[in-house]
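protein.cif follows (mmCIF, C-alpha atoms):
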```cif
data_model
#
loop_
_atom_site.label_atom_id
_atom_site.label_comp_id
_atom_site.auth_asym_id
_atom_site.auth_seq_id
_atom_site.Cartn_x
_atom_site.Cartn_y
_atom_site.Cartn_z
CA MET A 783 110.76 30.80 36.39
CA LYS A 784 107.64 28.71 35.84
CA HIS A 785 104.63 30.79 34.67
CA LYS A 786 106.90 33.82 34.24
CA LYS A 787 104.68 35.57 31.69
CA ILE A 788 101.68 35.28 33.98
CA PHE A 789 103.59 36.54 37.00
CA ASP A 790 104.99 39.46 35.01
CA ARG A 791 101.48 40.48 33.95
CA VAL A 792 100.16 40.11 37.48
CA ARG A 793 103.05 42.11 38.93
CA LYS A 794 102.35 44.93 36.49
CA LEU A 795 98.66 44.95 37.39
CA ILE A 796 99.44 45.07 41.11
CA ASP A 797 101.99 47.85 40.67
CA GLU A 798 99.46 49.82 38.60
CA ARG A 799 96.59 49.18 41.02
CA GLU A 800 95.79 52.88 41.27
CA LEU A 801 95.58 53.42 37.51
CA ALA A 802 92.40 51.39 37.07
CA ASP A 803 89.97 50.10 39.68
CA GLU A 804 89.75 46.70 38.03
CA ASN A 805 93.50 45.96 37.96
CA LEU A 806 93.59 44.14 41.29
CA GLU A 807 90.55 42.05 40.38
CA LEU A 808 92.11 41.18 37.01
CA ALA A 809 95.32 40.10 38.73
CA ARG A 810 93.40 38.06 41.29
CA ASP A 811 91.31 36.30 38.63
CA GLU A 812 94.42 35.39 36.66
CA LEU A 813 96.09 33.90 39.72
CA ILE A 814 92.98 31.97 40.76
CA GLU A 815 92.90 30.45 37.29
CA LEU A 816 96.60 29.62 37.62
CA VAL A 817 96.30 27.82 40.97
CA GLU A 818 93.42 25.77 39.61
CA LYS A 819 95.84 24.46 36.97
CA ASP A 820 98.93 24.43 39.20
CA PRO A 821 97.96 24.12 42.89
CA GLU A 822 101.64 23.79 43.85
CA SER A 823 102.56 27.38 42.95
CA ASP A 824 103.57 29.02 46.23
CA LEU A 825 104.35 32.30 44.43
CA ALA A 826 100.79 32.48 43.13
CA TYR A 827 99.45 32.14 46.67
CA GLY A 828 101.93 34.73 47.93
CA LEU A 829 100.78 37.21 45.31
CA LEU A 830 97.14 36.44 46.07
CA ALA A 831 97.91 37.32 49.69
CA GLU A 832 99.34 40.64 48.52
CA ILE A 833 96.33 41.36 46.29
CA ASN A 834 93.91 40.66 49.13
CA TYR A 835 95.86 43.03 51.34
CA TRP A 836 95.49 45.87 48.82
CA LEU A 837 91.81 45.08 48.26
CA GLY A 838 91.34 45.35 52.02
CA GLU A 839 93.33 48.56 52.25
CA TYR A 840 91.27 50.24 49.54
CA SER A 841 87.90 49.06 50.84
CA GLU A 842 85.81 51.55 52.79
CA ASP A 843 83.53 48.89 54.27
CA ALA A 844 84.74 47.44 57.58
CA ASP A 845 83.37 43.97 56.91
CA ASP A 846 84.92 43.88 53.43
CA ARG A 847 88.28 44.91 54.86
CA LEU A 848 88.21 42.05 57.36
CA PHE A 849 87.10 39.64 54.64
CA PHE A 850 90.00 40.53 52.35
CA PHE A 851 92.60 40.51 55.13
CA ASN A 852 91.35 37.11 56.25
CA GLU A 853 91.53 35.87 52.65
CA GLY A 854 95.08 37.22 52.55
CA VAL A 855 95.93 35.20 55.64
CA GLU A 856 94.51 32.04 54.09
CA CYS A 857 96.42 32.55 50.84
CA GLY A 858 99.63 33.29 52.70
CA ARG A 859 99.25 30.15 54.78
CA GLU A 860 98.69 28.10 51.63
CA GLY A 861 101.87 29.52 50.12
CA VAL A 862 103.95 28.83 53.23
CA ALA A 863 102.56 25.30 53.45
CA LEU A 864 103.76 24.68 49.90
CA ASN A 865 107.14 26.32 50.46
CA GLU A 866 108.28 27.47 53.89
CA ASP A 867 110.93 29.62 52.17
CA SER A 868 108.46 31.57 50.06
CA LEU A 869 109.38 35.21 50.58
CA GLU A 870 106.11 36.58 49.22
CA ALA A 871 103.89 34.19 51.17
CA ASN A 872 105.71 34.75 54.47
CA PHE A 873 105.78 38.53 54.15
CA TRP A 874 102.19 39.08 53.05
CA LEU A 875 100.95 36.54 55.56
CA ALA A 876 102.53 38.61 58.33
CA VAL A 877 101.10 41.82 56.85
CA ASN A 878 97.57 40.44 56.57
CA TYR A 879 97.70 39.07 60.10
CA GLY A 880 98.67 42.55 61.31
CA SER A 881 96.01 44.37 59.29
CA TYR A 882 93.32 41.92 60.35
CA GLY A 883 94.31 42.32 63.99
CA GLN A 884 94.37 46.09 63.74
CA ASP A 885 90.92 46.31 62.14
CA LYS A 886 89.50 43.70 64.50
CA GLY A 887 90.85 45.62 67.46
CA ILE A 888 92.95 42.72 68.67
CA MET A 889 96.39 43.90 67.59
CA GLN A 890 97.60 43.28 71.13
CA SER A 891 96.34 39.70 71.11
CA LEU A 892 99.13 37.30 71.98
CA ALA A 893 97.64 34.84 69.51
CA LEU A 894 98.50 37.22 66.65
CA VAL A 895 101.87 38.45 67.89
CA ALA A 896 103.54 35.06 67.50
CA PRO A 897 102.62 34.35 63.86
CA ILE A 898 103.30 37.94 62.77
CA ARG A 899 106.77 37.77 64.29
CA GLU A 900 107.44 34.27 62.97
CA HIS A 901 106.67 35.08 59.35
CA ALA A 902 108.18 38.57 59.39
CA ASP A 903 111.38 37.10 60.86
CA LYS A 904 111.39 34.49 58.09
CA ALA A 905 110.92 37.16 55.41
CA LEU A 906 113.72 39.16 57.01
CA ARG A 907 116.11 36.22 56.77
CA LEU A 908 115.12 35.64 53.15
CA ASP A 909 115.43 39.27 52.00
CA GLU A 910 115.42 42.21 54.40
CA SER A 911 115.01 44.66 51.52
CA TYR A 912 111.80 43.13 50.16
CA PHE A 913 109.03 45.66 49.55
CA TYR A 914 111.02 48.69 50.66
CA GLY A 915 112.41 47.12 53.81
CA GLY A 916 109.06 45.50 54.50
CA PRO A 917 110.19 42.82 56.98
CA HIS A 918 111.82 45.49 59.15
CA ARG A 919 108.70 47.66 58.83
CA VAL A 920 106.43 44.84 60.02
CA LEU A 921 108.70 43.91 62.91
CA GLY A 922 109.16 47.53 63.90
CA ARG A 923 105.43 48.08 63.96
CA LEU A 924 104.92 44.90 65.94
CA PHE A 925 107.49 45.84 68.59
CA HIS A 926 105.91 49.28 68.80
CA ARG A 927 102.29 48.17 69.11
CA ALA A 928 102.52 44.93 71.12
CA PRO A 929 102.37 44.98 74.93
CA GLY A 930 105.75 45.07 76.61
CA PHE A 931 107.52 42.60 78.88
CA PRO A 932 106.44 40.41 80.64
CA ILE A 933 103.15 40.21 78.75
CA SER A 934 104.52 40.26 75.20
CA VAL A 935 107.34 41.41 72.91
CA GLY A 936 106.71 45.17 72.87
CA ASN A 937 109.98 47.10 72.88
CA THR A 938 110.30 50.67 71.62
CA ARG A 939 114.06 50.48 71.22
CA LYS A 940 113.79 47.44 68.97
CA ALA A 941 110.94 49.09 67.09
CA ILE A 942 113.07 52.12 66.30
CA GLU A 943 116.03 49.97 65.23
CA HIS A 944 113.90 48.06 62.74
CA LEU A 945 112.10 51.12 61.44
CA GLU A 946 115.31 53.10 60.99
CA ARG A 947 116.64 50.18 58.95
CA ALA A 948 113.41 50.13 56.93
CA VAL A 949 113.94 53.82 56.09
CA GLU A 950 117.51 53.04 55.02
CA LEU A 951 116.27 50.32 52.69
CA GLY A 952 113.16 52.16 51.48
CA PRO A 953 113.77 55.89 51.96
CA LYS A 954 111.00 56.93 49.55
CA PHE A 955 108.35 54.65 51.02
CA PHE A 956 106.22 56.98 53.09
CA LEU A 957 104.89 54.36 55.51
CA ASN A 958 108.41 53.57 56.75
CA ARG A 959 108.81 57.16 57.88
CA LEU A 960 105.29 57.42 59.30
CA PHE A 961 105.77 54.36 61.50
CA LEU A 962 109.22 55.57 62.54
CA ALA A 963 107.80 58.95 63.53
CA GLU A 964 105.20 57.28 65.72
CA ALA A 965 107.86 55.16 67.40
CA TYR A 966 110.00 58.25 68.01
CA ILE A 967 107.03 59.96 69.66
CA SER A 968 106.57 56.98 71.97
CA ASN A 969 110.25 57.31 72.86
CA ARG A 970 109.87 61.07 73.52
CA GLN A 971 112.04 61.97 70.55
CA LYS A 972 109.72 64.61 69.16
CA ASP A 973 112.36 66.43 67.10
CA LYS A 974 113.22 63.25 65.23
CA ALA A 975 109.54 62.48 64.75
CA ARG A 976 108.92 65.96 63.38
CA GLU A 977 111.76 65.52 60.89
CA GLN A 978 110.15 62.37 59.47
CA LEU A 979 106.66 63.87 59.36
CA GLU A 980 107.85 67.03 57.62
CA TRP A 981 109.69 64.91 55.05
CA ILE A 982 106.40 63.15 54.27
CA LEU A 983 104.52 66.43 53.90
CA GLN A 984 107.18 68.07 51.74
CA THR A 985 107.85 65.14 49.40
CA PRO A 986 105.74 64.63 46.24
CA PRO A 987 103.83 61.32 46.11
CA ASN A 988 105.43 58.45 44.24
CA LYS A 989 104.23 58.07 40.65
CA ASN A 990 101.23 55.74 40.28
CA HIS A 991 100.88 55.55 44.07
CA GLU A 992 99.45 59.00 44.68
CA ARG A 993 96.32 57.70 46.41
CA GLU A 994 98.34 55.64 48.86
CA ASP A 995 100.90 58.34 49.59
CA GLU A 996 98.28 61.06 50.00
CA SER A 997 96.67 59.00 52.75
CA TYR A 998 100.02 58.85 54.53
CA LYS A 999 100.38 62.60 54.12
CA ARG A 1000 97.01 63.19 55.77
CA GLU A 1001 97.96 60.96 58.68
CA ALA A 1002 101.34 62.69 59.04
CA GLU A 1003 99.61 66.06 59.12
CA LYS A 1004 97.28 64.93 61.91
CA ILE A 1005 100.18 63.66 64.00
CA LEU A 1006 102.27 66.74 63.41
CA GLU A 1007 99.46 69.00 64.59
CA LYS A 1008 99.49 67.22 67.96
CA LEU A 1009 103.25 67.49 68.54
#
```

Serialized structure, structure tokens:
Amino acid sequence: MKHKKIFDRVRKLIDERELADENLELARDELIELVEKDPESDLAYGLLAEINYWLGEYSEDADDRLFFFNEGVECGREGVALNEDSLEANFWLAVNYGSYGQDKGIMQSLALVAPIREHADKALRLDESYFYGGPHRVLGRLFHRAPGFPISVGNTRKAIEHLERAVELGPKFFLNRLFLAEAYISNRQKDKAREQLEWILQTPPNKNHEREDESYKREAEKILEKL
């Protein structure tokens, strides 16, 4: 792989994003320097899209969150333009589109549904297991949140199918189970939803991702209290 040493360092920094506040910025700076030297690196743009997603997720300022998610979209689009088969660029482009739409309050916008589905479908065809079943997670969330027929693609049955597959591929990834629980609730399957939520609450956070998993635990607790 071209630039393997750089990508290995960047991957480590992203994976250890909770160990030091500056790790994501360090990874971003290294990739920006790389694309200045090699503007044809679709992987670099895909990883920049991922980094911007995490920077947005961890930001407490609404405007900053939108800025980073939008930057993630731009980086993902650059990566896909360079290589339409880039797994990282397609997946993180879909994720940033979804996060931007959610924070902007336009998740149900038909203008966003199409590109999210397009790039998540592409990532699914490339590697359904990527990022703990991520393509299935994105599609499941989309089918759950989008308006239903005839307005859009919303379909609870399809949502559950994708999210159950995501749990199969990434059983220890808390967000898979949280999204599945919410889809079960929409489908009036409260017992199944409760099972997923209780799993989240009873399972210790994944090492080095305690901050992320604790946020999912808090959300699971809120939902469980309402069941």

List the spatial neighbours of Pro986 (chain A) as a PDB file with C-alpha atoms, keeping the file's coordinate frame - criterion: any atom at most 10 Å away, all atoms listed in the file, same-chain residues fewer than 6 positions off excluded.
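around_1.pdb, written as the output of this step:
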```pdb
ATOM      1  CA  LYS A 954     111.000  56.930  49.550  1.00  0.00           C
ATOM      2  CA  GLU A 992      99.450  59.000  44.680  1.00  0.00           C
ATOM      3  CA  ASP A 995     100.900  58.340  49.590  1.00  0.00           C
ATOM      4  CA  GLU A 996      98.280  61.060  50.000  1.00  0.00           C
ATOM      5  CA  LYS A 999     100.380  62.600  54.120  1.00  0.00           C
TER       6      LYS A 999
END
```

At a cut-off of 12 Å, using only C-alpha atoms, what residues contact Ala896 (chain A)? Leave out same-chain residues fewer than 4 positions from it and give the result as a compact mmCIF listing (two decimals) with C-alpha atoms, in the frame of the given file.
```txt
# COMPACT_ATOMS: atom_id res chain seq x y z
CA ALA A 876 102.53 38.61 58.33
CA TYR A 879 97.70 39.07 60.10
CA GLY A 880 98.67 42.55 61.31
CA MET A 889 96.39 43.90 67.59
CA GLN A 890 97.60 43.28 71.13
CA SER A 891 96.34 39.70 71.11
CA LEU A 892 99.13 37.30 71.98
CA GLU A 900 107.44 34.27 62.97
CA HIS A 901 106.67 35.08 59.35
CA ALA A 902 108.18 38.57 59.39
CA ASP A 903 111.38 37.10 60.86
CA LEU A 921 108.70 43.91 62.91
CA LEU A 924 104.92 44.90 65.94
CA PHE A 925 107.49 45.84 68.59
CA ALA A 928 102.52 44.93 71.12
CA SER A 934 104.52 40.26 75.20
CA VAL A 935 107.34 41.41 72.91
CA GLY A 936 106.71 45.17 72.87
```

*asked:* Let me make sure I understand: among A:Lys940, A:Arg959, A:Lys1008, A:His991, which one has the smallest atom-to-atom distance to Leu979 (chain A) if we use all atoms listed in the file?
replied: A:Arg959

Taking the file as shown, find all residues satisfying the PyMOL selection byres ((chain A and resi 823) around 10) and write them as an mmCIF file with C-alpha atoms, in the coordinates of the input.
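This is the output file expr.cif:
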```cif
data_model
loop_
_atom_site.group_PDB
_atom_site.id
_atom_site.type_symbol
_atom_site.label_atom_id
_atom_site.label_comp_id
_atom_site.auth_asym_id
_atom_site.auth_seq_id
_atom_site.Cartn_x
_atom_site.Cartn_y
_atom_site.Cartn_z
ATOM 1 C CA LYS A 784 107.640 28.710 35.840
ATOM 2 C CA HIS A 785 104.630 30.790 34.670
ATOM 3 C CA LEU A 813 96.090 33.900 39.720
ATOM 4 C CA LEU A 816 96.600 29.620 37.620
ATOM 5 C CA VAL A 817 96.300 27.820 40.970
ATOM 6 C CA GLU A 818 93.420 25.770 39.610
ATOM 7 C CA LYS A 819 95.840 24.460 36.970
ATOM 8 C CA ASP A 820 98.930 24.430 39.200
ATOM 9 C CA PRO A 821 97.960 24.120 42.890
ATOM 10 C CA GLU A 822 101.640 23.790 43.850
ATOM 11 C CA ASP A 824 103.570 29.020 46.230
ATOM 12 C CA LEU A 825 104.350 32.300 44.430
ATOM 13 C CA ALA A 826 100.790 32.480 43.130
ATOM 14 C CA TYR A 827 99.450 32.140 46.670
ATOM 15 C CA GLY A 828 101.930 34.730 47.930
ATOM 16 C CA GLU A 860 98.690 28.100 51.630
ATOM 17 C CA GLY A 861 101.870 29.520 50.120
ATOM 18 C CA LEU A 864 103.760 24.680 49.900
ATOM 19 C CA ASN A 865 107.140 26.320 50.460
#
```

_Straight-line distance linking CA of Leu848 (chain A) with CA of Asp885 (chain A), stated in Å to one decimal_ =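 Interatomic distance here is 7.0 Å.
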
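Atom pair CA of Arg859 (chain A) / CA of Ala831 (chain A) has a distance of 8.9 Å (rounded to one decimal).
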
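We find CA of Ala948 (chain A) and CA of His918 (chain A) to be spaced 5.4 Å apart.
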
*A:Phe955, A:Glu946, A:Glu1007, A:Leu837: which is nearest Arg976 (chain A), counting all atoms listed in the file?*
A:Glu1007

*Using all atoms listed in the file, collect all residues at a distance of at most 9 Å from (98.4, 37.7, 51.4) as written in the file, then present them as number ranges by chain.*
A: 827-835, 850-859, 861, 870-879

Could you please take those selected residues and save C-alpha atoms as an mmCIF file, in the coordinates of the input?
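Below you can see part.cif, which holds the result:
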```cif
data_model
loop_
_atom_site.group_PDB
_atom_site.id
_atom_site.type_symbol
_atom_site.label_atom_id
_atom_site.label_comp_id
_atom_site.auth_asym_id
_atom_site.auth_seq_id
_atom_site.Cartn_x
_atom_site.Cartn_y
_atom_site.Cartn_z
ATOM 1 C CA TYR A 827 99.450 32.140 46.670
ATOM 2 C CA GLY A 828 101.930 34.730 47.930
ATOM 3 C CA LEU A 829 100.780 37.210 45.310
ATOM 4 C CA LEU A 830 97.140 36.440 46.070
ATOM 5 C CA ALA A 831 97.910 37.320 49.690
ATOM 6 C CA GLU A 832 99.340 40.640 48.520
ATOM 7 C CA ILE A 833 96.330 41.360 46.290
ATOM 8 C CA ASN A 834 93.910 40.660 49.130
ATOM 9 C CA TYR A 835 95.860 43.030 51.340
ATOM 10 C CA PHE A 850 90.000 40.530 52.350
ATOM 11 C CA PHE A 851 92.600 40.510 55.130
ATOM 12 C CA ASN A 852 91.350 37.110 56.250
ATOM 13 C CA GLU A 853 91.530 35.870 52.650
ATOM 14 C CA GLY A 854 95.080 37.220 52.550
ATOM 15 C CA VAL A 855 95.930 35.200 55.640
ATOM 16 C CA GLU A 856 94.510 32.040 54.090
ATOM 17 C CA CYS A 857 96.420 32.550 50.840
ATOM 18 C CA GLY A 858 99.630 33.290 52.700
ATOM 19 C CA ARG A 859 99.250 30.150 54.780
ATOM 20 C CA GLY A 861 101.870 29.520 50.120
ATOM 21 C CA GLU A 870 106.110 36.580 49.220
ATOM 22 C CA ALA A 871 103.890 34.190 51.170
ATOM 23 C CA ASN A 872 105.710 34.750 54.470
ATOM 24 C CA PHE A 873 105.780 38.530 54.150
ATOM 25 C CA TRP A 874 102.190 39.080 53.050
ATOM 26 C CA LEU A 875 100.950 36.540 55.560
ATOM 27 C CA ALA A 876 102.530 38.610 58.330
ATOM 28 C CA VAL A 877 101.100 41.820 56.850
ATOM 29 C CA ASN A 878 97.570 40.440 56.570
ATOM 30 C CA TYR A 879 97.700 39.070 60.100
#
```

*Can you list what the PyMOL selection byres ((chain A and resi 1006) around 10) grabs from this structure, as an MDAnalysis selection string?*
chainID A and resid 963 972 975:980 983 1000:1005 1007:1009

Atoms to include: C-alpha atoms. Write the selected residues as an mmCIF file, keeping the file's coordinate frame.
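New file again-v1.cif:
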```cif
data_model
loop_
_atom_site.group_PDB
_atom_site.id
_atom_site.type_symbol
_atom_site.label_atom_id
_atom_site.label_comp_id
_atom_site.auth_asym_id
_atom_site.auth_seq_id
_atom_site.Cartn_x
_atom_site.Cartn_y
_atom_site.Cartn_z
ATOM 1 C CA ALA A 963 107.800 58.950 63.530
ATOM 2 C CA LYS A 972 109.720 64.610 69.160
ATOM 3 C CA ALA A 975 109.540 62.480 64.750
ATOM 4 C CA ARG A 976 108.920 65.960 63.380
ATOM 5 C CA GLU A 977 111.760 65.520 60.890
ATOM 6 C CA GLN A 978 110.150 62.370 59.470
ATOM 7 C CA LEU A 979 106.660 63.870 59.360
ATOM 8 C CA GLU A 980 107.850 67.030 57.620
ATOM 9 C CA LEU A 983 104.520 66.430 53.900
ATOM 10 C CA ARG A 1000 97.010 63.190 55.770
ATOM 11 C CA GLU A 1001 97.960 60.960 58.680
ATOM 12 C CA ALA A 1002 101.340 62.690 59.040
ATOM 13 C CA GLU A 1003 99.610 66.060 59.120
ATOM 14 C CA LYS A 1004 97.280 64.930 61.910
ATOM 15 C CA ILE A 1005 100.180 63.660 64.000
ATOM 16 C CA GLU A 1007 99.460 69.000 64.590
ATOM 17 C CA LYS A 1008 99.490 67.220 67.960
ATOM 18 C CA LEU A 1009 103.250 67.490 68.540
#
```

Determine the residue membership of the PyMOL selection byres ((chain A and resi 990) around 9) for the file above and supply it as a PDB file with C-alpha atoms, in the coordinates of the input.
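Output contents, as saved in expr.pdb:
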```
ATOM      1  CA  ASP A 797     101.990  47.850  40.670  1.00  0.00           C
ATOM      2  CA  GLU A 798      99.460  49.820  38.600  1.00  0.00           C
ATOM      3  CA  ARG A 799      96.590  49.180  41.020  1.00  0.00           C
ATOM      4  CA  GLU A 800      95.790  52.880  41.270  1.00  0.00           C
ATOM      5  CA  LEU A 801      95.580  53.420  37.510  1.00  0.00           C
ATOM      6  CA  PRO A 987     103.830  61.320  46.110  1.00  0.00           C
ATOM      7  CA  ASN A 988     105.430  58.450  44.240  1.00  0.00           C
ATOM      8  CA  LYS A 989     104.230  58.070  40.650  1.00  0.00           C
ATOM      9  CA  HIS A 991     100.880  55.550  44.070  1.00  0.00           C
ATOM     10  CA  GLU A 992      99.450  59.000  44.680  1.00  0.00           C
ATOM     11  CA  ARG A 993      96.320  57.700  46.410  1.00  0.00           C
TER      12      ARG A 993
END
```

*asked:* For a quick check of understanding, using only C-alpha atoms, which of A:Arg847, A:Arg791, A:Arg919, A:Arg927 has the smallest distance to Val895 (chain A)?
replied: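 Of A:Arg847, A:Arg791, A:Arg919, A:Arg927, the one nearest Val895 (chain A) is A:Arg927, counting only C-alpha atoms.
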
*From the list A:Ala844, A:Ser997, A:Phe913, A:Val862, which residue is nearest Gly887 (chain A) when using only C-alpha atoms?*
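Closest to Gly887 (chain A) of all the choices is A:Ala844.
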
_Would you pick out the contacts of Ala809 (chain A) at 7 Å or less, using only C-alpha atoms, so that residues sharing its chain but fewer than 6 positions from it are not included, and give the list as an MDAnalysis selection string?_
chainID A and resid 792 795:796
